[in-house]
Amino acid sequence: MRTLMLHGHSTSSFIFKAQSGPFRSKLGSSYQFDFIDGPYTCPPPRGLKMVMWKAYKWMEKPGVESIKKSVEWLQNYIDKNGPYDCVCCFSKSSSIVVALMLYHAREVANGSQKPLPFKSAVFINGNLECSVLEDLGLPVTQEAREIQSKSEEMVKSKIDAMSNLASSLVKPTGLWDDTSNLLHDPDELPPMDDCFGLDFTSFPPDMFIKIPTVHMYGGKDPIFPSSIELAYLCDPKTRVMYDHLGGHDVPRTPDVVADMAAHFRKLDKVISTPAPN
């Protein structure tokens with residue numbers, strides 16, 4: 001199983017290797033991981049400056065046109081370096097992969113025969129951009145926009161306030177334990193027709209992601225709403241949802257690490273099993 005690994009915002013492939021190391025160590029040599037940096041450089045978060053002097057991001061600037069440029073960049077990379085069985089995204093990189101899949105779905109609806117450049121996807125604390133949905137003509141409420149903006153600002157504030165983010169790559173901290181200001185109830189999933197301001201029952205069937213997906217999200221994560229929206233955008237017959245019970249980071253507790261590795265094995269089995277005639 002060959003997987004393309006995409007880091008989060010304002011970090012790097014080096015950081016994602018460290019973050020994902022625990023669950024990757026539970027997988028055998030048949031699992032190959034290709035780590036790449038985002039297409040744009042940016043300053044690292046304050047807490048990571050002691051371990052990296054350069055960071056990378058997936059969008060040059062906010063907005064759907066910038067997302068489209070990054071989608072094109074990612075598609076070109078995969079065309080040159082693929083094929084891949086899976087793409088694994090942490091946080092903001094998910095928004096580029098989801099945009100790639102949604103624009104591909106629209107092209108297929110218009111007659112394109114080009115397949116997706118990967119067979120499956122794993123989203124860790126995934127992120128969905130409302131601007132892409134609007135660009136595709138899908139209904140997005142002001143509530144959904146506000147929740148996305150506020151939750152992303154909460155993550156940024158938490159990370160900026162941490163003096164040594166690098167230490168959390170090795171040993172998880174209590175950074176995300178204070179859930180008093182979250183915009184969601186971590187113990188309850190919303191209905192499809194009112195998912196943090198989005199009504200997925202109003203979306204056309206051809207806009208739902210059909211490939212097998214795994215959604216690993218944390219109830220303590222401020223962008224939990226976006227992670228759930230992303231999950232609801234995927235076919236329930238082919239998606240797996242898993243709450244790692246943490247915050248906005250890649251979990252490293254032993255039980256969760258074992259579960260994450262198990263989800264990769266199950267996903268490998270799913271995409272390796274021939275479809276019924």
# chains A, B, ... in the order shown; residues from 1 in each chain; ligands from 1
>>> residues_around(residues="Thr238 (chain A)", least_positions_apart="4", cutoff="8 Å", atoms="only C-alpha atoms", output="number ranges by chain")
A: 210-213, 234
>>> write_last_selection(atoms="N, CA, C and O atoms", output="compact mmCIF listing (two decimals), in the first residue's frame")
# COMPACT_ATOMS: atom_id res chain seq x y z
N LYS A 210 -16.98 9.09 -3.19
CA LYS A 210 -17.36 7.67 -3.23
C LYS A 210 -16.24 6.72 -2.82
O LYS A 210 -16.50 5.58 -2.46
N ILE A 211 -14.98 7.13 -2.92
CA ILE A 211 -13.88 6.21 -2.60
C ILE A 211 -13.87 5.92 -1.10
O ILE A 211 -14.41 6.70 -0.29
N PRO A 212 -13.26 4.80 -0.68
CA PRO A 212 -13.17 4.51 0.76
C PRO A 212 -12.39 5.60 1.49
O PRO A 212 -11.32 6.03 1.04
N THR A 213 -12.92 6.04 2.61
CA THR A 213 -12.27 7.07 3.41
C THR A 213 -12.29 6.69 4.88
O THR A 213 -13.19 5.99 5.35
N CYS A 234 -18.73 12.35 2.52
CA CYS A 234 -18.28 11.07 1.97
C CYS A 234 -19.38 10.02 2.13
O CYS A 234 -20.14 10.04 3.09
>>> residues_around(residues="region 82-99 of chain A", least_positions_apart="6", cutoff="7 Å", atoms="only C-alpha atoms", output="list of chain:residue names")
A:Met1, A:Arg2, A:Thr3, A:Leu4, A:Met5, A:Leu6, A:His7, A:Gly8, A:His9, A:Trp58, A:Ile67, A:Ser70, A:Val71, A:Pro117, A:Phe118, A:Lys119, A:Ser120, A:Ala121, A:Val122, A:Phe123, A:Ile124, A:Asn125, A:Gly126, A:Asn127, A:Leu128, A:Glu129, A:Val132
>>> atom_distance(atom1="CA of Thr41 (chain A)", atom2="CA of Trp53 (chain A)")
10.4 Å
>>> residues_around(residues="Ala105 (chain A)", least_positions_apart="2", cutoff="12 Å", atoms="only C-alpha atoms", output="list in words")
Val98, Ala99, Leu100, Met101, Leu102, Tyr103, Glu107, Val108, Ala109, Asn110, Gly111, Ser112, Gln113, Lys114, Pro115, Leu116, Leu136, Pro204, Pro205, Asp206, Met207, Phe208, Ile209, Lys210 and Ile211 of chain A
>>> residues_around(residues="region 171-186 of chain A", least_positions_apart="5", cutoff="12 Å", atoms="only C-alpha atoms", output="ChimeraX atom specification")
/A:18-19,22,143-144,146-155,157-166,195-197,217-228,243-254
>>> select_by_dssp(residues="region 46-81 of chain A", states="alpha helix (DSSP H)", output="JSON, numbers by chain")
{"A": [64, 65, 66, 67, 68, 69, 70, 71, 72, 73, 74, 75, 76, 77, 78, 79, 80, 81]}
>>> select_by_dssp(residues="region 4-197 of chain A", states="strand (DSSP E or B)", output="PyMOL selection string")
chain A and resi 4-6+11+32-36+40-42+55-57+84-90+118-124+195
>>> residues_around(residues="Ser202 (chain A)", least_positions_apart="3", cutoff="10 Å", atoms="only C-alpha atoms", output="PyMOL selection string")
chain A and resi 138-139+192-193+198-199+205
>>> atom_distance(atom1="CA of Ser13 (chain A)", atom2="CA of Asp255 (chain A)")
24.6 Å
>>> atom_distance(atom1="CA of Arg239 (chain A)", atom2="CA of Val214 (chain A)")
5.7 Å
